[in-house]
$ cat data-v3.cif   # mmCIF, C-alpha atoms and all ligand atoms
data_protein
loop_
_atom_site.label_atom_id
_atom_site.label_comp_id
_atom_site.auth_asym_id
_atom_site.auth_seq_id
_atom_site.Cartn_x
_atom_site.Cartn_y
_atom_site.Cartn_z
CA MET A 631 6.87 62.35 -23.09
CA ARG A 632 5.64 63.92 -26.27
CA TYR A 633 7.44 62.95 -29.46
CA ARG A 634 9.23 65.78 -31.27
CA PRO A 635 11.28 65.56 -34.49
CA GLU A 636 14.47 66.57 -32.71
CA MET A 637 13.98 63.62 -30.36
CA LYS A 638 14.14 61.15 -33.21
CA LYS A 639 17.76 60.35 -32.52
CA THR A 640 17.24 59.77 -28.83
CA ASN A 641 13.82 58.17 -28.68
CA ASN A 642 14.75 54.54 -28.46
CA ASN A 643 11.43 53.07 -27.38
CA LEU A 644 9.33 53.93 -30.41
CA PHE A 645 11.41 52.85 -33.41
CA LEU A 646 11.72 49.07 -33.56
CA GLU A 647 15.07 49.12 -35.34
CA ARG A 648 16.64 51.19 -32.57
CA MET A 649 15.56 48.81 -29.80
CA ARG A 650 17.17 45.66 -28.47
CA SER A 651 15.37 42.37 -29.01
CA PRO A 652 14.66 41.61 -25.31
CA ASP A 653 13.09 45.05 -24.94
CA ILE A 654 10.83 44.41 -27.91
CA ALA A 655 9.75 41.07 -26.46
CA ALA A 656 9.04 42.78 -23.14
CA ALA A 657 7.09 45.59 -24.81
CA ILE A 658 4.92 43.08 -26.68
CA ALA A 659 4.34 41.09 -23.46
CA GLU A 660 3.31 44.29 -21.70
CA GLY A 661 0.70 45.24 -24.32
CA THR A 662 2.46 46.87 -27.24
CA SER A 663 0.26 45.08 -29.72
CA THR A 664 0.51 47.34 -32.76
CA VAL A 665 3.25 48.09 -35.25
CA ILE A 666 3.16 50.81 -37.88
CA VAL A 667 4.84 50.36 -41.25
CA PRO A 668 5.47 53.69 -43.02
CA CYS A 669 5.66 53.35 -46.81
CA GLY A 670 7.51 56.26 -48.40
CA ALA A 671 9.33 57.04 -51.62
CA VAL A 672 12.66 58.30 -52.91
CA GLU A 673 11.60 60.45 -55.84
CA GLN A 674 11.75 63.96 -57.24
CA HIS A 675 10.01 66.62 -55.20
CA GLY A 676 10.37 69.68 -57.38
CA PRO A 677 13.40 71.96 -57.56
CA HIS A 678 13.37 72.74 -53.84
CA LEU A 679 12.80 69.54 -51.79
CA PRO A 680 15.03 66.49 -51.21
CA MET A 681 14.34 63.09 -52.75
CA PHE A 682 13.62 61.42 -49.39
CA THR A 683 10.69 63.73 -48.57
CA ASP A 684 8.06 60.96 -48.49
CA ALA A 685 10.35 58.51 -46.68
CA GLU A 686 11.20 61.04 -43.96
CA HIS A 687 7.60 62.17 -43.70
CA GLY A 688 6.65 58.51 -43.20
CA THR A 689 9.11 57.99 -40.36
CA HIS A 690 7.98 61.11 -38.49
CA LEU A 691 4.29 60.62 -39.19
CA GLY A 692 4.64 57.00 -38.06
CA ALA A 693 6.09 58.19 -34.76
CA GLU A 694 3.32 60.75 -34.29
CA VAL A 695 0.67 58.11 -34.97
CA ALA A 696 2.35 55.55 -32.69
CA GLU A 697 2.47 58.07 -29.91
CA ARG A 698 -1.24 58.80 -30.28
CA LEU A 699 -2.10 55.10 -30.24
CA GLY A 700 0.05 54.56 -27.15
CA ASN A 701 0.56 50.83 -27.65
CA ALA A 702 2.52 50.89 -30.89
CA LEU A 703 6.06 50.73 -32.31
CA VAL A 704 7.25 52.03 -35.68
CA ALA A 705 8.82 49.50 -38.06
CA PRO A 706 11.67 50.58 -40.36
CA THR A 707 10.18 52.78 -43.07
CA ILE A 708 9.96 51.13 -46.49
CA ARG A 709 11.85 54.02 -48.01
CA VAL A 710 11.46 53.35 -51.73
CA GLY A 711 8.00 53.03 -53.26
CA CYS A 712 6.10 52.87 -56.54
CA SER A 713 7.35 55.94 -58.39
CA GLU A 714 7.40 54.93 -62.05
CA HIS A 715 5.52 58.12 -63.01
CA HIS A 716 8.43 60.22 -61.64
CA MET A 717 11.21 58.34 -63.45
CA THR A 718 11.90 61.07 -66.02
CA PHE A 719 13.24 63.18 -63.14
CA ALA A 720 16.86 62.42 -62.24
CA GLY A 721 17.50 60.37 -59.13
CA THR A 722 14.08 58.79 -58.69
CA ILE A 723 14.15 55.13 -57.65
CA SER A 724 11.04 53.01 -58.17
CA LEU A 725 9.88 49.59 -57.05
CA ARG A 726 7.64 47.62 -59.38
CA GLU A 727 4.26 47.00 -57.77
CA GLU A 728 5.09 43.29 -57.44
CA THR A 729 8.35 44.14 -55.63
CA PHE A 730 6.59 46.51 -53.28
CA ARG A 731 3.94 43.85 -52.65
CA ALA A 732 6.62 41.27 -51.87
CA VAL A 733 8.36 43.60 -49.40
CA CYS A 734 5.08 44.47 -47.63
CA ASN A 735 4.20 40.80 -47.57
CA ASP A 736 7.48 39.84 -45.89
CA TYR A 737 7.22 42.68 -43.38
CA CYS A 738 3.77 41.49 -42.34
CA LYS A 739 4.85 37.87 -42.17
CA SER A 740 7.86 38.71 -40.00
CA LEU A 741 6.15 41.17 -37.67
CA SER A 742 3.15 38.93 -37.08
CA ARG A 743 5.42 36.06 -36.00
CA HIS A 744 6.60 38.08 -33.00
CA GLY A 745 3.16 38.53 -31.50
CA PHE A 746 1.99 41.90 -32.74
CA THR A 747 -1.75 41.60 -33.25
CA LYS A 748 -2.17 44.61 -35.50
CA ILE A 749 -0.03 45.85 -38.38
CA CYS A 750 -0.84 49.31 -39.75
CA MET A 751 0.39 50.11 -43.25
CA LEU A 752 0.93 53.88 -43.53
CA PRO A 753 1.66 55.28 -47.02
CA THR A 754 3.05 58.81 -47.29
CA HIS A 755 3.55 58.65 -51.05
CA GLY A 756 0.60 58.97 -53.44
CA GLY A 757 1.80 56.12 -55.69
CA ASN A 758 1.70 53.62 -52.79
CA PHE A 759 -1.96 54.08 -51.88
CA LYS A 760 -3.53 52.07 -54.71
CA PRO A 761 -1.03 49.19 -54.54
CA LEU A 762 -1.64 48.93 -50.78
CA GLU A 763 -5.39 48.89 -51.32
CA ASN A 764 -4.94 46.17 -53.94
CA MET A 765 -2.74 43.97 -51.74
CA LEU A 766 -4.51 44.39 -48.39
CA GLU A 767 -6.52 41.15 -48.48
CA LYS A 768 -3.38 39.22 -49.39
CA LEU A 769 -1.47 40.85 -46.51
CA LYS A 770 -4.20 39.78 -44.10
CA ASP A 771 -3.88 36.20 -45.35
CA THR A 772 -0.11 36.35 -45.00
CA ALA A 773 -0.08 37.49 -41.39
CA GLU A 774 -0.12 34.80 -38.72
CA ASP A 775 -3.47 33.89 -37.15
CA GLY A 776 -4.45 36.40 -34.51
CA CYS A 777 -2.82 39.31 -36.33
CA THR A 778 -4.81 41.73 -38.44
CA VAL A 779 -3.47 44.10 -41.10
CA VAL A 780 -5.00 47.48 -41.83
CA ALA A 781 -3.95 50.12 -44.36
CA PHE A 782 -4.76 53.80 -44.61
CA THR A 783 -5.59 54.17 -48.31
CA ASP A 784 -7.67 57.35 -48.42
CA LEU A 785 -5.39 59.74 -50.33
CA ILE A 786 -8.19 62.27 -50.82
CA ALA A 787 -8.80 62.49 -47.06
CA LEU A 788 -5.09 63.11 -46.48
CA VAL A 789 -4.95 65.94 -49.04
CA GLU A 790 -8.20 67.43 -47.70
CA THR A 791 -6.73 67.40 -44.19
CA TRP A 792 -3.66 69.25 -45.47
CA LYS A 793 -5.92 71.80 -47.20
CA GLU A 794 -7.85 72.45 -44.00
CA ALA A 795 -4.69 72.73 -41.88
CA VAL A 796 -2.94 75.06 -44.35
CA GLU A 797 -6.06 77.18 -44.75
CA GLU A 798 -6.49 77.51 -41.00
CA THR A 799 -2.85 78.43 -40.38
CA SER A 800 -2.17 80.69 -43.36
CA GLY A 801 -5.27 81.18 -45.52
CA LEU A 802 -3.35 79.51 -48.40
CA GLY A 803 -5.25 76.23 -48.52
CA ASP A 804 -5.72 76.50 -52.30
CA ARG A 805 -1.96 76.00 -52.75
CA VAL A 806 -2.24 72.39 -51.59
CA GLY A 807 -2.02 70.07 -54.60
CA GLY A 808 -0.55 66.96 -53.01
CA HIS A 809 3.06 66.90 -54.23
CA ALA A 810 5.94 69.21 -53.29
CA ASP A 811 3.26 71.80 -52.55
CA ILE A 812 2.95 74.23 -49.65
CA ALA A 813 2.03 71.40 -47.27
CA GLU A 814 4.89 69.03 -48.13
CA SER A 815 7.37 71.90 -48.40
CA SER A 816 6.34 73.11 -44.96
CA LEU A 817 6.68 69.58 -43.58
CA MET A 818 10.25 69.40 -44.83
CA LEU A 819 10.99 72.90 -43.59
CA HIS A 820 9.86 71.67 -40.17
CA LEU A 821 11.77 68.36 -40.29
CA HIS A 822 14.89 69.20 -42.36
CA PRO A 823 15.23 72.96 -42.93
CA GLU A 824 18.84 72.47 -44.02
CA LEU A 825 17.68 70.47 -47.08
CA VAL A 826 14.97 72.83 -48.38
CA LYS A 827 15.83 75.42 -51.03
CA GLU A 828 13.14 77.86 -50.09
CA ASP A 829 14.13 80.35 -52.80
CA ASP A 830 13.36 77.75 -55.49
CA ALA A 831 9.78 77.19 -54.33
CA GLN A 832 7.45 77.62 -57.30
CA GLN A 833 3.92 77.24 -58.48
CA GLY A 834 3.20 73.94 -60.23
CA PHE A 835 0.04 72.40 -61.61
CA THR A 836 -2.83 74.16 -59.84
CA ALA A 837 -5.87 73.21 -61.92
CA GLU A 838 -8.23 70.61 -60.52
CA LEU A 839 -6.63 67.17 -60.43
CA ASP A 840 -9.48 65.44 -62.24
CA GLU A 841 -9.56 61.93 -63.70
CA THR A 842 -8.08 63.13 -67.02
CA ALA A 843 -5.06 64.69 -65.30
CA ILE A 844 -4.57 61.62 -63.09
CA GLN A 845 -4.67 59.30 -66.11
CA LYS A 846 -2.19 61.52 -67.93
CA ILE A 847 0.20 61.30 -64.97
CA ILE A 848 -0.11 57.52 -64.78
CA ASN A 849 0.16 56.89 -68.53
CA ASN A 850 2.56 59.60 -69.70
CA GLY A 851 4.45 60.62 -66.57
CA PHE A 852 4.34 63.36 -64.00
CA HIS A 853 6.29 65.81 -66.17
CA THR A 854 3.53 65.91 -68.82
CA VAL A 855 1.19 67.53 -66.31
CA THR A 856 3.73 69.51 -64.28
CA PRO A 857 7.15 70.16 -65.84
CA ASN A 858 8.63 71.40 -62.55
CA GLY A 859 7.36 68.33 -60.66
CA ILE A 860 5.02 70.21 -58.31
CA LEU A 861 1.31 69.59 -57.85
CA GLY A 862 -0.04 72.70 -56.18
CA ASP A 863 2.08 75.67 -55.20
CA ALA A 864 5.11 75.51 -52.91
CA ARG A 865 5.29 79.22 -52.15
CA GLY A 866 4.31 80.43 -48.70
CA MET A 867 5.75 77.50 -46.77
CA SER A 868 6.45 77.81 -43.05
CA LYS A 869 7.52 75.58 -40.17
CA LYS A 870 4.24 76.30 -38.41
CA ILE A 871 2.24 75.01 -41.41
CA GLY A 872 4.48 71.94 -41.41
CA ARG A 873 3.87 71.21 -37.73
CA ASP A 874 0.12 71.71 -38.13
CA CYS A 875 -0.07 69.44 -41.20
CA LEU A 876 1.90 66.70 -39.46
CA SER A 877 -0.30 66.88 -36.41
CA ALA A 878 -3.62 67.05 -38.28
CA VAL A 879 -2.79 64.07 -40.49
CA ALA A 880 -1.50 62.11 -37.46
CA ASP A 881 -4.87 62.69 -35.76
CA LEU A 882 -6.74 61.54 -38.87
CA ILE A 883 -4.70 58.38 -39.29
CA ALA A 884 -4.49 57.47 -35.60
CA ASN A 885 -8.29 57.60 -35.44
CA TYR A 886 -8.51 55.42 -38.51
CA PHE A 887 -6.11 52.80 -37.11
CA ARG A 888 -7.82 52.87 -33.71
CA GLU A 889 -11.15 51.97 -35.29
CA GLY A 890 -9.80 49.64 -37.98
ZN ZN A 901 5.77 63.58 -51.48
#
$ encode --input "data-v3.cif" --output "structure tokens"
Amino acid sequence: MRYRPEMKKTNNNLFLERMRSPDIAAAIAEGTSTVIVPCGAVEQHGPHLPMFTDAEHGTHLGAEVAERLGNALVAPTIRVGCSEHHMTFAGTISLREETFRAVCNDYCKSLSRHGFTKICMLPTHGGNFKPLENMLEKLKDTAEDGCTVVAFTDLIALVETWKEAVEETSGLGDRVGGHADIAESSLMLHLHPELVKEDDAQQGFTAELDETAIQKIINNGFHTVTPNGILGDARGMSKKIGRDCLSAVADLIANYFREG
């Protein structure tokens, strides 16, 4: 049966934390060899989106990817990530990189002890990509023998996939900027319409996100580049764009994990 967001509450054979231990043991014995670890964030997402946008995106994207792989479960999403650059916005919670590394490390250690042979780290928050890339070799060492760890760390490919999907669906691909933009806003409108303040959708930073802008974000904070917390433009969001973005990125990442 195809996974749909509204099934999240009832799909008890995809999310590890919803299953009973004997069923997990049986699934592993019958060939469920892969486990996906979504790595989200709880941080500002402009004036219109909820704090848990990246965490929720991770859970749903994880399910979409697991479904495509066919032999995979989804581990509990690591909901808080590396968000220091968003800390000037109220409510943001951030893990230090060393804390995030320690959590990922212990996830991999635990999951590999149960017989999964592949652990797929799936970041849905920009600030988690580099730390995951940096820690990947260590995670591989940490996992038990016979278990490999892979991580999707190509943030540019993810944003490009959003651009293509948004352009194809609406002709508004140039509004994708990577944070609280038309793509992420549409994703939330698809997953949690009750939590999106559509009327507050605005344009944010829309110039090219070059190395200078990236360094400014890292060194001085997100607000110095985009006072309203948006990279790109949130206007024009729709549920259809959200569904298409979720599906296109799930295809991209499932292919990556299949080959990795
Ligand atoms: Zn986000």
$ atom_distance --input "data-v3.cif" --atom1 "CA of His690 in chain A" --atom2 "CA of Cys777 in chain A"
24.4 Å
$ residues_around --input "data-v3.cif" --residues "Arg709 in chain A" --least-positions-apart "6" --cutoff "10 Å" --atoms "only C-alpha atoms" --output "mmCIF file with C-alpha atoms, keeping the file's coordinate frame"
data_model
loop_
_atom_site.group_PDB
_atom_site.id
_atom_site.type_symbol
_atom_site.label_atom_id
_atom_site.label_comp_id
_atom_site.auth_asym_id
_atom_site.auth_seq_id
_atom_site.Cartn_x
_atom_site.Cartn_y
_atom_site.Cartn_z
ATOM 1 C CA PRO A 668 5.470 53.690 -43.020
ATOM 2 C CA CYS A 669 5.660 53.350 -46.810
ATOM 3 C CA GLY A 670 7.510 56.260 -48.400
ATOM 4 C CA ALA A 671 9.330 57.040 -51.620
ATOM 5 C CA VAL A 672 12.660 58.300 -52.910
ATOM 6 C CA PHE A 682 13.620 61.420 -49.390
ATOM 7 C CA THR A 683 10.690 63.730 -48.570
ATOM 8 C CA ASP A 684 8.060 60.960 -48.490
ATOM 9 C CA ALA A 685 10.350 58.510 -46.680
ATOM 10 C CA GLU A 686 11.200 61.040 -43.960
ATOM 11 C CA GLY A 688 6.650 58.510 -43.200
ATOM 12 C CA THR A 689 9.110 57.990 -40.360
ATOM 13 C CA ILE A 723 14.150 55.130 -57.650
ATOM 14 C CA HIS A 755 3.550 58.650 -51.050
#
$ closest_residue --input "data-v3.cif" --among "A:His820, A:Arg805, A:Arg888, A:Lys748" --to "Asp775 in chain A" --atoms "all atoms listed in the file"
A:Lys748
$ atom_distance --input "data-v3.cif" --atom1 "CA of Ala693 in chain A" --atom2 "CA of Met717 in chain A"
29.1 Å
$ atom_distance --input "data-v3.cif" --atom1 "CA of Thr791 in chain A" --atom2 "CA of Glu889 in chain A"
18.4 Å
$ closest_residue --input "data-v3.cif" --among "A:Ala813, A:Asp863, A:Pro706, A:Lys793" --to "Thr836 in chain A" --atoms "all atoms listed in the file"
A:Asp863
$ closest_residue --input "data-v3.cif" --among "A:Met818, A:Met867, A:Val806, A:Leu703" --to "Ile786 in chain A" --atoms "all atoms listed in the file"
A:Val806
$ closest_residue --input "data-v3.cif" --among "A:Glu790, A:Glu714, A:Asp811, A:Asp804" --to "ligand ZN 901 (chain A)" --atoms "only C-alpha atoms and all ligand atoms"
A:Asp811
$ residues_near_point --input "data-v3.cif" --point "(-6.6, 66.3, -49.2)" --cutoff "12 Å" --atoms "only C-alpha atoms" --output "ChimeraX atom specification"
/A:756,784-797,803-809,811,813-814,839,862,875,878-879,882
$ closest_residue --input "data-v3.cif" --among "A:Leu762, A:Val665, A:Gly834, A:Ala655" --to "Glu697 in chain A" --atoms "only C-alpha atoms"
A:Val665
$ closest_residue --input "data-v3.cif" --among "A:Ser800, A:Gln674, A:Asn885, A:Ser877" --to "Leu861 in chain A" --atoms "all atoms listed in the file"
A:Gln674
$ residues_around --input "data-v3.cif" --residues "range 727-742 of chain A" --least-positions-apart "3" --cutoff "9 Å" --atoms "all atoms listed in the file" --output "PyMOL selection string"
chain A and resi 665+667+669+705+708+710-712+745-749+751+758+761-762+765+768-770+772-779
$ write_last_selection --input "data-v3.cif" --atoms "C-alpha atoms" --output "short mmCIF file (atom, residue, chain, number, x, y, z; two decimals), in the coordinates of the input"
data_model
loop_
_atom_site.label_atom_id
_atom_site.label_comp_id
_atom_site.auth_asym_id
_atom_site.auth_seq_id
_atom_site.Cartn_x
_atom_site.Cartn_y
_atom_site.Cartn_z
CA VAL A 665 3.25 48.09 -35.25
CA VAL A 667 4.84 50.36 -41.25
CA CYS A 669 5.66 53.35 -46.81
CA ALA A 705 8.82 49.50 -38.06
CA ILE A 708 9.96 51.13 -46.49
CA VAL A 710 11.46 53.35 -51.73
CA GLY A 711 8.00 53.03 -53.26
CA CYS A 712 6.10 52.87 -56.54
CA GLY A 745 3.16 38.53 -31.50
CA PHE A 746 1.99 41.90 -32.74
CA THR A 747 -1.75 41.60 -33.25
CA LYS A 748 -2.17 44.61 -35.50
CA ILE A 749 -0.03 45.85 -38.38
CA MET A 751 0.39 50.11 -43.25
CA ASN A 758 1.70 53.62 -52.79
CA PRO A 761 -1.03 49.19 -54.54
CA LEU A 762 -1.64 48.93 -50.78
CA MET A 765 -2.74 43.97 -51.74
CA LYS A 768 -3.38 39.22 -49.39
CA LEU A 769 -1.47 40.85 -46.51
CA LYS A 770 -4.20 39.78 -44.10
CA THR A 772 -0.11 36.35 -45.00
CA ALA A 773 -0.08 37.49 -41.39
CA GLU A 774 -0.12 34.80 -38.72
CA ASP A 775 -3.47 33.89 -37.15
CA GLY A 776 -4.45 36.40 -34.51
CA CYS A 777 -2.82 39.31 -36.33
CA THR A 778 -4.81 41.73 -38.44
CA VAL A 779 -3.47 44.10 -41.10
#
$ residues_around --input "data-v3.cif" --residues "range 825-832 of chain A" --least-positions-apart "3" --cutoff "6 Å" --atoms "all atoms listed in the file" --output "ChimeraX atom specification"
/A:678-679,822,864-865
$ residues_near_point --input "data-v3.cif" --point "(6.4, 70.6, -41.7)" --cutoff "8 Å" --atoms "all atoms listed in the file" --output "count of residues only"
18
$ build_atoms --input "data-v3.cif" --residues "range 728-756 of chain A" --atoms "N, CA and C atoms" --output "PDB file, in the coordinates of the input"
ATOM      1  N   GLU A 728       4.897  44.659 -57.972  1.00  0.00           N
ATOM      2  CA  GLU A 728       5.090  43.290 -57.440  1.00  0.00           C
ATOM      3  C   GLU A 728       6.221  43.249 -56.411  1.00  0.00           C
ATOM      4  N   THR A 729       7.248  44.078 -56.611  1.00  0.00           N
ATOM      5  CA  THR A 729       8.350  44.140 -55.630  1.00  0.00           C
ATOM      6  C   THR A 729       7.860  44.741 -54.328  1.00  0.00           C
ATOM      7  N   PHE A 730       7.138  45.839 -54.462  1.00  0.00           N
ATOM      8  CA  PHE A 730       6.590  46.510 -53.280  1.00  0.00           C
ATOM      9  C   PHE A 730       5.666  45.551 -52.513  1.00  0.00           C
ATOM     10  N   ARG A 731       4.855  44.815 -53.267  1.00  0.00           N
ATOM     11  CA  ARG A 731       3.940  43.850 -52.650  1.00  0.00           C
ATOM     12  C   ARG A 731       4.735  42.778 -51.892  1.00  0.00           C
ATOM     13  N   ALA A 732       5.802  42.318 -52.504  1.00  0.00           N
ATOM     14  CA  ALA A 732       6.620  41.270 -51.870  1.00  0.00           C
ATOM     15  C   ALA A 732       7.260  41.788 -50.583  1.00  0.00           C
ATOM     16  N   VAL A 733       7.731  43.031 -50.599  1.00  0.00           N
ATOM     17  CA  VAL A 733       8.360  43.600 -49.400  1.00  0.00           C
ATOM     18  C   VAL A 733       7.305  43.749 -48.285  1.00  0.00           C
ATOM     19  N   CYS A 734       6.147  44.301 -48.632  1.00  0.00           N
ATOM     20  CA  CYS A 734       5.080  44.470 -47.630  1.00  0.00           C
ATOM     21  C   CYS A 734       4.666  43.115 -47.065  1.00  0.00           C
ATOM     22  N   ASN A 735       4.573  42.158 -47.957  1.00  0.00           N
ATOM     23  CA  ASN A 735       4.200  40.800 -47.570  1.00  0.00           C
ATOM     24  C   ASN A 735       5.187  40.245 -46.529  1.00  0.00           C
ATOM     25  N   ASP A 736       6.466  40.397 -46.793  1.00  0.00           N
ATOM     26  CA  ASP A 736       7.480  39.840 -45.890  1.00  0.00           C
ATOM     27  C   ASP A 736       7.572  40.614 -44.580  1.00  0.00           C
ATOM     28  N   TYR A 737       7.329  41.907 -44.623  1.00  0.00           N
ATOM     29  CA  TYR A 737       7.220  42.680 -43.380  1.00  0.00           C
ATOM     30  C   TYR A 737       6.099  42.120 -42.512  1.00  0.00           C
ATOM     31  N   CYS A 738       4.932  41.940 -43.119  1.00  0.00           N
ATOM     32  CA  CYS A 738       3.770  41.490 -42.340  1.00  0.00           C
ATOM     33  C   CYS A 738       3.994  40.089 -41.784  1.00  0.00           C
ATOM     34  N   LYS A 739       4.566  39.231 -42.617  1.00  0.00           N
ATOM     35  CA  LYS A 739       4.850  37.870 -42.170  1.00  0.00           C
ATOM     36  C   LYS A 739       5.794  37.902 -40.948  1.00  0.00           C
ATOM     37  N   SER A 740       6.867  38.656 -41.074  1.00  0.00           N
ATOM     38  CA  SER A 740       7.860  38.710 -40.000  1.00  0.00           C
ATOM     39  C   SER A 740       7.276  39.318 -38.724  1.00  0.00           C
ATOM     40  N   LEU A 741       6.641  40.467 -38.864  1.00  0.00           N
ATOM     41  CA  LEU A 741       6.150  41.170 -37.670  1.00  0.00           C
ATOM     42  C   LEU A 741       5.079  40.349 -36.954  1.00  0.00           C
ATOM     43  N   SER A 742       4.231  39.689 -37.719  1.00  0.00           N
ATOM     44  CA  SER A 742       3.150  38.930 -37.080  1.00  0.00           C
ATOM     45  C   SER A 742       3.695  37.719 -36.314  1.00  0.00           C
ATOM     46  N   ARG A 743       4.842  37.227 -36.697  1.00  0.00           N
ATOM     47  CA  ARG A 743       5.420  36.060 -36.000  1.00  0.00           C
ATOM     48  C   ARG A 743       5.916  36.409 -34.599  1.00  0.00           C
ATOM     49  N   HIS A 744       6.078  37.684 -34.316  1.00  0.00           N
ATOM     50  CA  HIS A 744       6.600  38.080 -33.000  1.00  0.00           C
ATOM     51  C   HIS A 744       5.509  38.417 -31.999  1.00  0.00           C
ATOM     52  N   GLY A 745       4.246  38.335 -32.451  1.00  0.00           N
ATOM     53  CA  GLY A 745       3.160  38.530 -31.500  1.00  0.00           C
ATOM     54  C   GLY A 745       2.421  39.849 -31.591  1.00  0.00           C
ATOM     55  N   PHE A 746       2.827  40.710 -32.511  1.00  0.00           N
ATOM     56  CA  PHE A 746       1.990  41.900 -32.740  1.00  0.00           C
ATOM     57  C   PHE A 746       0.634  41.415 -33.254  1.00  0.00           C
ATOM     58  N   THR A 747      -0.425  42.039 -32.801  1.00  0.00           N
ATOM     59  CA  THR A 747      -1.750  41.600 -33.250  1.00  0.00           C
ATOM     60  C   THR A 747      -2.357  42.558 -34.271  1.00  0.00           C
ATOM     61  N   LYS A 748      -1.679  43.678 -34.493  1.00  0.00           N
ATOM     62  CA  LYS A 748      -2.170  44.610 -35.500  1.00  0.00           C
ATOM     63  C   LYS A 748      -0.997  45.275 -36.218  1.00  0.00           C
ATOM     64  N   ILE A 749      -1.044  45.201 -37.548  1.00  0.00           N
ATOM     65  CA  ILE A 749      -0.030  45.850 -38.380  1.00  0.00           C
ATOM     66  C   ILE A 749      -0.726  46.933 -39.182  1.00  0.00           C
ATOM     67  N   CYS A 750      -0.206  48.163 -39.092  1.00  0.00           N
ATOM     68  CA  CYS A 750      -0.840  49.310 -39.750  1.00  0.00           C
ATOM     69  C   CYS A 750       0.055  49.822 -40.869  1.00  0.00           C
ATOM     70  N   MET A 751      -0.384  49.648 -42.101  1.00  0.00           N
ATOM     71  CA  MET A 751       0.390  50.110 -43.250  1.00  0.00           C
ATOM     72  C   MET A 751       0.066  51.591 -43.479  1.00  0.00           C
ATOM     73  N   LEU A 752       1.118  52.417 -43.494  1.00  0.00           N
ATOM     74  CA  LEU A 752       0.930  53.880 -43.530  1.00  0.00           C
ATOM     75  C   LEU A 752       1.678  54.495 -44.725  1.00  0.00           C
ATOM     76  N   PRO A 753       0.986  54.667 -45.864  1.00  0.00           N
ATOM     77  CA  PRO A 753       1.660  55.280 -47.020  1.00  0.00           C
ATOM     78  C   PRO A 753       1.746  56.794 -46.889  1.00  0.00           C
ATOM     79  N   THR A 754       2.907  57.345 -47.241  1.00  0.00           N
ATOM     80  CA  THR A 754       3.050  58.810 -47.290  1.00  0.00           C
ATOM     81  C   THR A 754       3.452  59.245 -48.702  1.00  0.00           C
ATOM     82  N   HIS A 755       3.264  58.340 -49.648  1.00  0.00           N
ATOM     83  CA  HIS A 755       3.550  58.650 -51.050  1.00  0.00           C
ATOM     84  C   HIS A 755       2.320  58.249 -51.867  1.00  0.00           C
ATOM     85  N   GLY A 756       1.836  59.186 -52.685  1.00  0.00           N
ATOM     86  CA  GLY A 756       0.600  58.970 -53.440  1.00  0.00           C
ATOM     87  C   GLY A 756       0.587  57.667 -54.229  1.00  0.00           C
TER      88      GLY A 756
END
